[in-house]
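As stored in work36.pdb (PDB, C-alpha atoms):
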MODEL        1
ATOM      1  CA  MET I  90       0.000   0.000   0.000
ATOM      2  CA  ASP I  91       1.287   3.433  -0.917
ATOM      3  CA  CYS I  92       1.386   6.324   1.430
ATOM      4  CA  LEU I  93      -0.860   9.106   0.207
ATOM      5  CA  PRO I  94       0.200  12.667   0.891
ATOM      6  CA  HIS I  95      -2.478  14.488   2.805
ATOM      7  CA  ALA I  96      -3.177  18.181   2.387
ATOM      8  CA  ASP I  97      -4.696  18.545   5.839
ATOM      9  CA  THR I  98      -1.877  19.248   8.268
ATOM     10  CA  ALA I  99      -4.119  18.174  11.116
ATOM     11  CA  LEU I 100      -3.826  14.663   9.651
ATOM     12  CA  PRO I 101      -0.078  14.345   9.299
ATOM     13  CA  THR I 102       1.936  11.750   7.444
ATOM     14  CA  LEU I 103       5.412  11.030   8.740
ATOM     15  CA  TYR I 104       8.075   8.540   7.798
ATOM     16  CA  LEU I 105       9.840   6.310  10.266
ATOM     17  CA  ASN I 106      13.299   5.759   8.830
ATOM     18  CA  ARG I 107      14.625   3.553  11.616
ATOM     19  CA  TRP I 108      13.684   2.416  15.078
ATOM     20  CA  ARG I 109      15.150   0.486  18.002
ATOM     21  CA  ALA I 110      13.689  -0.540  21.344
ATOM     22  CA  TRP I 111      14.796  -1.782  24.750
ATOM     23  CA  LEU I 112      12.279  -4.119  26.364
ATOM     24  CA  PRO I 113      13.909  -6.081  29.210
ATOM     25  CA  GLU I 114      10.495  -7.548  30.100
ATOM     26  CA  ARG I 115      10.638  -9.511  26.835
ATOM     27  CA  ALA I 116      13.961 -11.243  27.530
ATOM     28  CA  GLY I 117      13.853 -14.795  26.225
ATOM     29  CA  GLU I 118      10.996 -14.011  23.833
ATOM     30  CA  ASP I 119      11.262 -13.967  20.066
ATOM     31  CA  VAL I 120      11.987 -10.307  19.293
ATOM     32  CA  PRO I 121      13.227  -8.679  16.062
ATOM     33  CA  ALA I 122      16.876  -7.608  15.728
ATOM     34  CA  CYS I 123      16.029  -3.968  16.421
ATOM     35  CA  VAL I 124      14.808  -4.847  19.937
ATOM     36  CA  ILE I 125      17.304  -5.495  22.724
ATOM     37  CA  THR I 126      16.322  -7.090  26.015
ATOM     38  CA  ASP I 127      19.526  -6.971  28.147
ATOM     39  CA  GLU I 128      18.742  -6.133  31.743
ATOM     40  CA  LYS I 129      21.757  -3.785  31.785
ATOM     41  CA  PRO I 130      22.686  -2.726  28.234
ATOM     42  CA  PRO I 131      26.445  -2.331  27.658
ATOM     43  CA  ALA I 132      26.643   1.298  26.391
ATOM     44  CA  PRO I 133      30.141   0.473  25.080
ATOM     45  CA  SER I 134      30.804   3.937  23.642
ATOM     46  CA  VAL I 135      30.229   5.691  26.957
ATOM     47  CA  PRO I 136      33.447   6.036  28.997
ATOM     48  CA  ALA I 137      33.294   3.936  32.167
ATOM     49  CA  LEU I 138      33.508   6.983  34.427
ATOM     50  CA  LEU I 139      30.373   8.437  32.840
ATOM     51  CA  ARG I 140      28.617   5.107  32.403
ATOM     52  CA  ARG I 141      28.729   4.283  36.120
ATOM     53  CA  ARG I 142      26.242   7.105  36.751
ATOM     54  CA  LEU I 143      23.647   5.797  34.315
ATOM     55  CA  THR I 144      20.765   3.554  35.316
ATOM     56  CA  PRO I 145      19.981   0.601  33.005
ATOM     57  CA  LEU I 146      17.499   2.917  31.261
ATOM     58  CA  GLY I 147      20.176   5.530  30.612
ATOM     59  CA  ARG I 148      22.561   2.829  29.417
ATOM     60  CA  ALA I 149      19.854   1.538  27.053
ATOM     61  CA  VAL I 150      19.258   4.978  25.524
ATOM     62  CA  CYS I 151      23.015   5.526  25.020
ATOM     63  CA  THR I 152      23.453   2.018  23.601
ATOM     64  CA  LEU I 153      20.671   2.490  21.053
ATOM     65  CA  LEU I 154      21.642   6.055  20.086
ATOM     66  CA  GLY I 155      25.159   4.695  19.526
ATOM     67  CA  GLU I 156      23.864   1.815  17.389
ATOM     68  CA  MET I 157      21.878   4.310  15.319
ATOM     69  CA  SER I 158      24.977   6.556  14.947
ATOM     70  CA  ALA I 159      22.957   9.591  16.001
ATOM     71  CA  HIS I 160      26.197  11.459  16.761
ATOM     72  CA  GLU I 161      27.146  11.403  13.080
ATOM     73  CA  ARG I 162      24.051  13.474  12.283
ATOM     74  CA  THR I 163      25.034  16.720  13.894
ATOM     75  CA  THR I 164      21.898  18.593  12.815
ATOM     76  CA  MET I 165      19.376  15.962  13.919
ATOM     77  CA  PRO I 166      17.516  17.101  17.056
ATOM     78  CA  ILE I 167      17.070  14.473  19.762
ATOM     79  CA  LEU I 168      13.916  14.595  21.875
ATOM     80  CA  HIS I 169      13.481  12.460  24.971
ATOM     81  CA  ALA I 170      10.123  12.143  26.666
ATOM     82  CA  SER I 171       9.394  10.232  29.836
ATOM     83  CA  ARG I 172       6.641  10.526  32.384
ATOM     84  CA  HIS I 173       8.570   9.642  35.524
ATOM     85  CA  GLY I 174      12.156  10.282  34.513
ATOM     86  CA  ASP I 175      14.956   7.872  35.116
ATOM     87  CA  GLY I 176      13.745   5.337  37.634
ATOM     88  CA  HIS I 177      13.550   5.790  41.383
ATOM     89  CA  ARG I 178      16.236   8.418  41.771
ATOM     90  CA  PRO I 179      14.231  11.639  42.156
ATOM     91  CA  LEU I 180      11.662  10.008  44.436
ATOM     92  CA  ASP I 181      14.328   8.263  46.524
ATOM     93  CA  MET I 182      15.928  11.650  47.109
ATOM     94  CA  LEU I 183      12.690  12.890  48.696
ATOM     95  CA  ASP I 184      12.974  10.027  51.186
ATOM     96  CA  THR I 185      16.569  10.984  51.920
ATOM     97  CA  LEU I 186      15.512  14.563  52.611
ATOM     98  CA  PHE I 187      12.660  13.369  54.822
ATOM     99  CA  GLU I 188      15.139  11.343  56.862
ATOM    100  CA  GLY I 189      17.302  14.436  57.288
ATOM    101  CA  GLU I 190      20.231  12.857  55.460
ATOM    102  CA  PRO I 191      22.415  14.806  53.021
ATOM    103  CA  LEU I 192      21.756  14.183  49.314
ATOM    104  CA  SER I 193      24.278  12.441  47.110
ATOM    105  CA  PRO I 194      25.643  15.155  44.762
ATOM    106  CA  ALA I 195      26.115  12.656  41.922
ATOM    107  CA  ARG I 196      22.559  11.325  42.220
ATOM    108  CA  PHE I 197      21.194  14.847  42.540
ATOM    109  CA  GLY I 198      23.062  15.854  39.386
ATOM    110  CA  LEU I 199      21.586  12.900  37.515
ATOM    111  CA  SER I 200      18.018  13.314  38.777
ATOM    112  CA  VAL I 201      17.073  16.095  36.354
ATOM    113  CA  HIS I 202      14.811  15.185  33.466
ATOM    114  CA  ASN I 203      17.457  15.808  30.807
ATOM    115  CA  ALA I 204      20.214  13.863  32.605
ATOM    116  CA  VAL I 205      20.344  10.933  30.182
ATOM    117  CA  LEU I 206      20.637  13.212  27.156
ATOM    118  CA  GLY I 207      23.254  15.248  28.997
ATOM    119  CA  VAL I 208      25.451  12.218  29.623
ATOM    120  CA  TYR I 209      24.880  11.059  26.034
ATOM    121  CA  SER I 210      25.856  14.488  24.684
ATOM    122  CA  ILE I 211      29.110  14.483  26.697
ATOM    123  CA  ALA I 212      29.976  10.870  25.894
ATOM    124  CA  PHE I 213      29.414  11.191  22.149
ATOM    125  CA  ASP I 214      30.448  14.836  21.844
ATOM    126  CA  ASN I 215      27.121  15.443  20.138
ATOM    127  CA  HIS I 216      26.055  19.088  20.322
ATOM    128  CA  ALA I 217      22.817  18.769  18.351
ATOM    129  CA  SER I 218      19.596  20.279  19.754
ATOM    130  CA  MET I 219      18.251  18.089  22.530
ATOM    131  CA  ALA I 220      15.210  18.440  24.749
ATOM    132  CA  ALA I 221      13.590  16.452  27.540
ATOM    133  CA  LEU I 222       9.811  16.429  27.880
ATOM    134  CA  ALA I 223       7.206  15.232  30.351
ATOM    135  CA  ALA I 224       3.505  15.382  29.531
ATOM    136  CA  ALA I 225       1.465  13.621  32.221
ATOM    137  CA  GLY I 226       0.929  10.426  30.250
ATOM    138  CA  GLU I 227       0.763  11.984  26.785
ATOM    139  CA  GLU I 228       4.500  11.847  26.169
ATOM    140  CA  PHE I 229       4.303  10.288  22.720
ATOM    141  CA  GLU I 230       1.800  12.882  21.541
ATOM    142  CA  ALA I 231       4.103  15.613  22.902
ATOM    143  CA  LEU I 232       7.060  14.072  21.081
ATOM    144  CA  LEU I 233       5.135  14.063  17.810
ATOM    145  CA  SER I 234       4.135  17.719  18.208
ATOM    146  CA  GLU I 235       7.698  18.738  19.004
ATOM    147  CA  ALA I 236       9.118  16.654  16.160
ATOM    148  CA  ARG I 237       6.657  18.063  13.635
ATOM    149  CA  GLY I 238       7.733  21.537  14.693
ATOM    150  CA  TYR I 239      11.391  20.772  13.969
ATOM    151  CA  LEU I 240      10.497  19.075  10.665
ATOM    152  CA  ALA I 241       8.300  22.030   9.640
ATOM    153  CA  GLU I 242      11.264  24.308  10.277
ATOM    154  CA  GLY I 243      13.328  22.332   7.805
ATOM    155  CA  CYS I 244      15.138  19.633   9.808
ATOM    156  CA  ASP I 245      15.696  16.535   7.669
ATOM    157  CA  SER I 246      14.971  14.165  10.510
ATOM    158  CA  VAL I 247      14.324  14.107  14.239
ATOM    159  CA  MET I 248      15.178  11.387  16.765
ATOM    160  CA  LEU I 249      12.357  10.617  19.184
ATOM    161  CA  ILE I 250      13.048   8.754  22.400
ATOM    162  CA  LEU I 251      10.207   7.576  24.615
ATOM    163  CA  THR I 252      11.097   5.894  27.892
ATOM    164  CA  ASP I 253       9.057   4.633  30.770
ATOM    165  CA  SER I 254      10.084   3.371  34.182
ATOM    166  CA  PRO I 255       8.489   1.955  37.318
ATOM    167  CA  VAL I 256       7.886   4.162  40.354
ATOM    168  CA  PRO I 257       8.468   3.010  43.949
ATOM    169  CA  GLU I 258       5.690   0.815  45.331
ATOM    170  CA  ARG I 259       4.229   3.492  47.623
ATOM    171  CA  TYR I 260       3.457   5.790  44.669
ATOM    172  CA  ARG I 261       1.684   3.185  42.570
ATOM    173  CA  ILE I 262      -1.755   3.922  43.959
ATOM    174  CA  GLN I 263      -1.390   7.510  42.706
ATOM    175  CA  THR I 264      -0.165   6.957  39.204
ATOM    176  CA  GLN I 265      -0.072   4.487  36.370
ATOM    177  CA  ALA I 266       3.401   3.106  35.987
ATOM    178  CA  PRO I 267       4.794  -0.027  34.391
ATOM    179  CA  GLN I 268       6.469  -2.907  36.220
ATOM    180  CA  HIS I 269       9.531  -2.728  33.973
ATOM    181  CA  PRO I 270      11.574   0.068  32.409
ATOM    182  CA  SER I 271      11.516   0.379  28.616
ATOM    183  CA  ALA I 272      12.635   2.624  25.783
ATOM    184  CA  ILE I 273      11.972   3.136  22.100
ATOM    185  CA  LEU I 274      13.877   5.321  19.635
ATOM    186  CA  MET I 275      12.309   6.435  16.362
ATOM    187  CA  GLU I 276      13.931   8.494  13.641
ATOM    188  CA  LEU I 277      11.234  10.463  11.818
ATOM    189  CA  SER I 278      11.264  12.581   8.690
ATOM    190  CA  LEU I 279       8.828  14.121   6.220
ATOM    191  CA  SER I 280      10.188  12.151   3.266
ATOM    192  CA  PRO I 281      10.960   8.447   3.262
ATOM    193  CA  ALA I 282      14.434   6.935   3.419
ATOM    194  CA  PRO I 283      14.838   3.468   1.854
ATOM    195  CA  ASP I 284      12.832   0.883   3.830
ATOM    196  CA  ALA I 285      11.011   3.603   5.731
ATOM    197  CA  VAL I 286       7.705   2.882   7.406
ATOM    198  CA  CYS I 287       4.887   5.303   6.689
ATOM    199  CA  LEU I 288       3.040   6.631   9.721
ATOM    200  CA  GLN I 289      -0.270   8.060   8.665
ATOM    201  CA  ALA I 290      -2.830   9.731  10.882
ATOM    202  CA  ARG I 291      -6.557   9.483  10.270
ATOM    203  CA  ALA I 292      -9.391  11.114  12.139
ATOM    204  CA  ALA I 293     -10.509   8.828  14.930
ATOM    205  CA  ASP I 294     -14.251   8.214  15.028
ATOM    206  CA  THR I 295     -16.644   7.486  17.836
ATOM    207  CA  THR I 296     -16.339   3.741  17.404
ATOM    208  CA  ASP I 297     -12.632   3.885  18.213
ATOM    209  CA  GLU I 298     -11.555   2.233  21.416
ATOM    210  CA  PRO I 299     -10.695   4.568  24.295
ATOM    211  CA  ALA I 300      -7.251   6.085  23.916
ATOM    212  CA  GLN I 301      -4.622   4.458  26.075
ATOM    213  CA  THR I 302      -1.285   5.682  27.344
ATOM    214  CA  ILE I 303       1.288   5.140  24.618
ATOM    215  CA  THR I 304       4.308   3.268  25.974
ATOM    216  CA  PRO I 305       7.439   1.769  24.367
ATOM    217  CA  PRO I 306       6.001  -1.806  24.430
ATOM    218  CA  LEU I 307       2.758  -0.549  22.852
ATOM    219  CA  LEU I 308       4.675   1.308  20.108
ATOM    220  CA  THR I 309       6.797  -1.780  19.472
ATOM    221  CA  ASP I 310       3.677  -3.911  19.015
ATOM    222  CA  TRP I 311       2.216  -1.263  16.730
ATOM    223  CA  LEU I 312       5.323  -1.174  14.551
ATOM    224  CA  MET I 313       5.423  -4.985  14.496
ATOM    225  CA  GLY I 314       2.045  -4.992  12.761
ATOM    226  CA  GLY I 315      -0.332  -4.695  15.695
ATOM    227  CA  SER I 316      -3.549  -2.724  15.741
ATOM    228  CA  ASP I 317      -3.664   1.009  15.033
ATOM    229  CA  LEU I 318      -2.371   3.462  17.580
ATOM    230  CA  ILE I 319      -4.921   5.837  19.079
ATOM    231  CA  ALA I 320      -3.375   9.112  20.225
ATOM    232  CA  ARG I 321      -5.183  11.345  22.687
ATOM    233  CA  THR I 322      -4.143  14.931  22.009
ATOM    234  CA  PRO I 323      -5.128  15.451  19.291
ATOM    235  CA  VAL I 324      -7.303  12.337  19.001
ATOM    236  CA  LEU I 325      -5.934  10.555  15.935
ATOM    237  CA  ARG I 326      -5.753   6.993  14.666
ATOM    238  CA  TRP I 327      -2.211   6.275  13.500
ATOM    239  CA  GLN I 328      -1.491   3.530  11.010
ATOM    240  CA  ALA I 329       1.980   2.186  10.262
ATOM    241  CA  PHE I 330       2.753   0.420   7.009
ATOM    242  CA  GLU I 331       5.736  -0.378   4.826
ATOM    243  CA  VAL I 332       6.444   2.025   1.970
ATOM    244  CA  MET I 333       6.383  -0.241  -1.063
ATOM    245  CA  ASP I 334       7.585   2.218  -3.686
ATOM    246  CA  THR I 335       8.974   5.671  -3.058
ATOM    247  CA  THR I 336       9.289   6.585  -6.745
ATOM    248  CA  PRO I 337       6.875   9.414  -7.611
ATOM    249  CA  ALA I 338       4.075   8.168  -9.863
ATOM    250  CA  GLY I 339       4.161   9.006 -13.572
TER
ATOM    251  CA  MET V 148      47.921  -3.515  40.122
ATOM    252  CA  ALA V 149      49.449  -1.000  42.468
ATOM    253  CA  ASP V 150      53.229  -0.818  42.758
ATOM    254  CA  THR V 151      53.220  -0.708  46.526
ATOM    255  CA  PRO V 152      50.824  -2.685  48.711
ATOM    256  CA  LEU V 153      48.062  -0.710  50.410
ATOM    257  CA  THR V 154      47.974  -0.270  54.160
ATOM    258  CA  GLU V 155      44.848  -1.409  55.936
ATOM    259  CA  LEU V 156      43.577   2.172  56.189
ATOM    260  CA  GLU V 157      44.355   2.879  52.538
ATOM    261  CA  ARG V 158      42.401  -0.211  51.575
ATOM    262  CA  ASP V 159      39.492   0.983  53.711
ATOM    263  CA  VAL V 160      39.564   4.442  52.121
ATOM    264  CA  ALA V 161      39.917   2.899  48.636
ATOM    265  CA  ASN V 162      36.823   0.788  49.253
ATOM    266  CA  MET V 163      34.959   3.894  50.438
ATOM    267  CA  ILE V 164      35.902   5.638  47.163
ATOM    268  CA  ILE V 165      34.791   2.671  45.045
ATOM    269  CA  GLU V 166      31.512   2.330  46.911
ATOM    270  CA  ALA V 167      30.669   6.042  47.099
ATOM    271  CA  LEU V 168      31.512   6.723  43.464
ATOM    272  CA  GLU V 169      30.038   3.487  42.101
ATOM    273  CA  LEU V 170      33.246   2.739  40.205
ATOM    274  CA  GLU V 171      32.567  -0.176  37.890
ATOM    275  CA  ASP V 172      35.036  -3.025  37.631
ATOM    276  CA  ILE V 173      37.600  -1.436  39.972
ATOM    277  CA  THR V 174      38.995  -3.023  43.144
ATOM    278  CA  ALA V 175      41.054  -1.414  45.893
ATOM    279  CA  ASP V 176      44.203  -2.959  44.414
ATOM    280  CA  ASP V 177      43.587  -1.162  41.105
ATOM    281  CA  ILE V 178      44.033   2.224  42.794
ATOM    282  CA  GLU V 179      47.667   3.286  42.744
ATOM    283  CA  PRO V 180      48.179   4.962  46.166
ATOM    284  CA  GLU V 181      50.361   7.805  44.847
ATOM    285  CA  ALA V 182      48.488   8.390  41.574
ATOM    286  CA  PRO V 183      46.197  11.434  41.177
ATOM    287  CA  LEU V 184      42.546  10.700  41.949
ATOM    288  CA  PHE V 185      41.258  13.558  39.784
ATOM    289  CA  GLY V 186      41.892  14.417  36.156
ATOM    290  CA  GLU V 187      44.665  12.032  35.177
ATOM    291  CA  GLY V 188      45.105   8.810  37.158
ATOM    292  CA  LEU V 189      41.735   7.568  38.347
ATOM    293  CA  GLY V 190      40.009  10.350  36.360
ATOM    294  CA  LEU V 191      37.435  11.561  38.869
ATOM    295  CA  ASP V 192      35.569  14.857  38.401
ATOM    296  CA  SER V 193      34.213  17.716  40.514
ATOM    297  CA  ILE V 194      30.945  15.928  41.328
ATOM    298  CA  ASP V 195      33.037  13.027  42.630
ATOM    299  CA  ALA V 196      34.869  15.478  44.900
ATOM    300  CA  LEU V 197      31.537  16.525  46.436
ATOM    301  CA  GLU V 198      30.489  12.888  46.722
ATOM    302  CA  LEU V 199      33.776  12.005  48.444
ATOM    303  CA  GLY V 200      33.300  14.892  50.859
ATOM    304  CA  LEU V 201      29.927  13.406  51.807
ATOM    305  CA  ALA V 202      31.392   9.906  52.137
ATOM    306  CA  LEU V 203      34.191  11.165  54.426
ATOM    307  CA  GLN V 204      31.572  12.777  56.628
ATOM    308  CA  LYS V 205      29.400   9.664  56.797
ATOM    309  CA  ARG V 206      32.154   7.106  57.228
ATOM    310  CA  TYR V 207      34.803   8.904  59.290
ATOM    311  CA  GLY V 208      32.992  11.928  60.688
ATOM    312  CA  ILE V 209      35.301  14.326  58.843
ATOM    313  CA  ARG V 210      33.754  17.592  57.705
ATOM    314  CA  LEU V 211      35.662  19.513  55.069
ATOM    315  CA  ASP V 212      35.069  23.146  54.218
ATOM    316  CA  SER V 213      34.103  22.934  50.559
ATOM    317  CA  ASP V 214      36.050  26.110  49.723
ATOM    318  CA  ALA V 215      39.230  25.256  51.619
ATOM    319  CA  GLU V 216      42.367  25.474  49.546
ATOM    320  CA  GLU V 217      43.960  22.467  51.281
ATOM    321  CA  ASN V 218      41.211  20.168  49.948
ATOM    322  CA  ARG V 219      43.211  19.991  46.750
ATOM    323  CA  GLU V 220      46.064  18.453  48.751
ATOM    324  CA  HIS V 221      43.811  16.102  50.714
ATOM    325  CA  PHE V 222      42.228  14.799  47.510
ATOM    326  CA  ALA V 223      45.501  14.540  45.569
ATOM    327  CA  SER V 224      45.906  10.780  45.950
ATOM    328  CA  LEU V 225      44.661   7.807  47.922
ATOM    329  CA  ARG V 226      47.698   8.124  50.203
ATOM    330  CA  GLN V 227      47.014  11.807  50.936
ATOM    331  CA  LEU V 228      43.347  11.139  51.583
ATOM    332  CA  SER V 229      44.232   8.273  53.924
ATOM    333  CA  ALA V 230      46.597  10.585  55.807
ATOM    334  CA  LEU V 231      43.719  13.052  56.272
ATOM    335  CA  VAL V 232      41.507  10.267  57.595
ATOM    336  CA  ALA V 233      44.224   9.059  60.008
ATOM    337  CA  GLU V 234      44.641  12.595  61.330
ATOM    338  CA  ARG V 235      41.048  13.768  61.629
ATOM    339  CA  ARG V 236      38.783  10.758  61.920
ATOM    340  CA  SER V 237      36.190  10.974  64.678
ATOM    341  CA  ASP V 238      34.103   7.886  63.945
TER
ENDMDL
END

For this file, write the structure as structure tokens.
Amino acid sequence: MDCLPHADTALPTLYLNRWRAWLPERAGEDVPACVITDEKPPAPSVPALLRRRLTPLGRAVCTLLGEMSAHERTTMPILHASRHGDGHRPLDMLDTLFEGEPLSPARFGLSVHNAVLGVYSIAFDNHASMAALAAAGEEFEALLSEARGYLAEGCDSVMLILTDSPVPERYRIQTQAPQHPSAILMELSLSPAPDAVCLQARAADTTDEPAQTITPPLLTDWLMGGSDLIARTPVLRWQAFEVMDTTPAG
Amino acid sequence: MADTPLTELERDVANMIIEALELEDITADDIEPEAPLFGEGLGLDSIDALELGLALQKRYGIRLDSDAEENREHFASLRQLSALVAERRSD
């Protein structure tokens, strides 16, 4: 099936040039080559003295950005969205404060939302535009909006990173959080690279199932041929399909 | 491996450094007692210096003034840091 250009910018068409995911919960399962499941990814390109400060999630993001050679694309913005940041660290620090203990400077330094991208930027000497987002459960929608802004301004491609991580047990009654950390990286553009996947939005109608929080495992299933993705803000039904022929017709 | 064997205190301080700074794949015997801890040598950075200050306080009850000029000397090597601990520990 061909991807049809759509005049209505409210119903965007994007191209997914490449993607990679980290899903440790699927270790031992049959996953495609672009999905890694190591509990603690190696992040071989990050110097050991920087790597020691990364959680498994941070190591996964650096591993996959390295595999995708993002640092060789010095004009490609990198956007990282996550609802709860990098694991327990920020919330554990609240406990430390409550107990009247001094905070660990290293953990404090790495508890900010853009910490993973900061370490990545130092390790790979990549000075491209980078931003960290949080959007109360609508992180993927926020990533798409931000990415479309960069693409509209003329960027060839944008790297999207969505990560998710568990919160400590005592917070689980207050918020939806997964049992396992996960990450997905998607390189998007407005025109297809060879073997790109077309991501096409359609208006969602009233018969659509209720929108759910979009997580890395859900996106992986979608890209592996699962059912359409329903985004919340704006409400859109996203379809993903292979681009069969990128040659302009006649 | 270090050229000279570590004293018991140096080994204790080395283990504090490894634990506090979450140094991967490093044992006390990998830390050369006379080698610089920061920059060259072990390659620690300014955040590590703050972290070590906290660890010294927790483990040995030593409080350092973060602006003091002599901190540079205390943190110069494992041997220097161990000498500080021997002199000022109150744990």

Reference answer for the ChimeraX specification (/V :<10) & /I, as a PyMOL selection string:
chain I and resi 137-142+190-198

Which residues come within 10 Å of Met313 (chain I), counting only C-alpha atoms, excluding same-chain residues fewer than 4 positions away, as number ranges by chain?
I: 120-121, 307-309, 329-330

Of the residues I:Ala320, I:Ala224, I:Ala170, I:Val201, which is the one nearest to Ala236 (chain I), using only C-alpha atoms?
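Of the candidates, the smallest distance to Ala236 (chain I) is held by I:Ala170.
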
Within 10 Å of (44.8, 1.0, 40.7) (coordinates as in the file), grab all the protein and nucleic acid residues, counting only C-alpha atoms, and write them out as a PyMOL selection string.
chain V and resi 148-150+161+173-182+188-189+225

For a quick check of your reading of the model, name the residues lying within 12 Å of the coordinate (10.2, 9.8, 46.6), counting only C-alpha atoms, and write them as a list in words.
His173, Gly176, His177, Arg178, Pro179, Leu180, Asp181, Met182, Leu183, Asp184, Thr185, Leu186, Phe187, Glu188, Ser200, Val256, Pro257, Glu258, Arg259, Tyr260 and Arg261 of chain I

Would you mind writing region 167-183 of chain V with N, CA and C atoms, as a PDB file, keeping the file's coordinate frame?
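Dumped to part-v8.pdb:
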ATOM      1  N   ALA V 167      31.351   4.746  47.174  1.00  0.00           N
ATOM      2  CA  ALA V 167      30.669   6.042  47.099  1.00  0.00           C
ATOM      3  C   ALA V 167      30.534   6.521  45.652  1.00  0.00           C
ATOM      4  N   LEU V 168      31.511   6.212  44.834  1.00  0.00           N
ATOM      5  CA  LEU V 168      31.512   6.723  43.464  1.00  0.00           C
ATOM      6  C   LEU V 168      31.025   5.686  42.458  1.00  0.00           C
ATOM      7  N   GLU V 169      30.575   4.539  42.966  1.00  0.00           N
ATOM      8  CA  GLU V 169      30.038   3.487  42.101  1.00  0.00           C
ATOM      9  C   GLU V 169      30.980   3.182  40.939  1.00  0.00           C
ATOM     10  N   LEU V 170      32.262   3.019  41.252  1.00  0.00           N
ATOM     11  CA  LEU V 170      33.246   2.739  40.205  1.00  0.00           C
ATOM     12  C   LEU V 170      33.072   1.294  39.733  1.00  0.00           C
ATOM     13  N   GLU V 171      32.812   1.161  38.443  1.00  0.00           N
ATOM     14  CA  GLU V 171      32.567  -0.176  37.890  1.00  0.00           C
ATOM     15  C   GLU V 171      33.894  -0.901  37.686  1.00  0.00           C
ATOM     16  N   ASP V 172      33.900  -2.155  37.977  1.00  0.00           N
ATOM     17  CA  ASP V 172      35.036  -3.025  37.631  1.00  0.00           C
ATOM     18  C   ASP V 172      36.364  -2.550  38.217  1.00  0.00           C
ATOM     19  N   ILE V 173      36.349  -1.876  39.352  1.00  0.00           N
ATOM     20  CA  ILE V 173      37.600  -1.436  39.972  1.00  0.00           C
ATOM     21  C   ILE V 173      37.651  -2.018  41.388  1.00  0.00           C
ATOM     22  N   THR V 174      38.817  -2.548  41.776  1.00  0.00           N
ATOM     23  CA  THR V 174      38.995  -3.023  43.144  1.00  0.00           C
ATOM     24  C   THR V 174      40.026  -2.118  43.816  1.00  0.00           C
ATOM     25  N   ALA V 175      40.118  -2.259  45.138  1.00  0.00           N
ATOM     26  CA  ALA V 175      41.054  -1.414  45.893  1.00  0.00           C
ATOM     27  C   ALA V 175      42.469  -1.545  45.328  1.00  0.00           C
ATOM     28  N   ASP V 176      42.845  -2.742  44.909  1.00  0.00           N
ATOM     29  CA  ASP V 176      44.203  -2.959  44.414  1.00  0.00           C
ATOM     30  C   ASP V 176      44.463  -2.280  43.066  1.00  0.00           C
ATOM     31  N   ASP V 177      43.396  -1.867  42.383  1.00  0.00           N
ATOM     32  CA  ASP V 177      43.587  -1.162  41.105  1.00  0.00           C
ATOM     33  C   ASP V 177      43.945   0.297  41.325  1.00  0.00           C
ATOM     34  N   ILE V 178      43.762   0.801  42.545  1.00  0.00           N
ATOM     35  CA  ILE V 178      44.033   2.224  42.794  1.00  0.00           C
ATOM     36  C   ILE V 178      45.477   2.387  43.272  1.00  0.00           C
ATOM     37  N   GLU V 179      46.264   3.009  42.423  1.00  0.00           N
ATOM     38  CA  GLU V 179      47.667   3.286  42.744  1.00  0.00           C
ATOM     39  C   GLU V 179      47.693   4.354  43.842  1.00  0.00           C
ATOM     40  N   PRO V 180      48.305   4.045  45.023  1.00  0.00           N
ATOM     41  CA  PRO V 180      48.179   4.962  46.166  1.00  0.00           C
ATOM     42  C   PRO V 180      48.736   6.362  45.928  1.00  0.00           C
ATOM     43  N   GLU V 181      49.756   6.482  45.075  1.00  0.00           N
ATOM     44  CA  GLU V 181      50.361   7.805  44.847  1.00  0.00           C
ATOM     45  C   GLU V 181      49.789   8.499  43.610  1.00  0.00           C
ATOM     46  N   ALA V 182      48.978   7.810  42.836  1.00  0.00           N
ATOM     47  CA  ALA V 182      48.488   8.390  41.574  1.00  0.00           C
ATOM     48  C   ALA V 182      47.396   9.420  41.851  1.00  0.00           C
ATOM     49  N   PRO V 183      47.258  10.437  40.978  1.00  0.00           N
ATOM     50  CA  PRO V 183      46.197  11.434  41.177  1.00  0.00           C
ATOM     51  C   PRO V 183      44.822  10.775  41.115  1.00  0.00           C
TER      52      PRO V 183
END
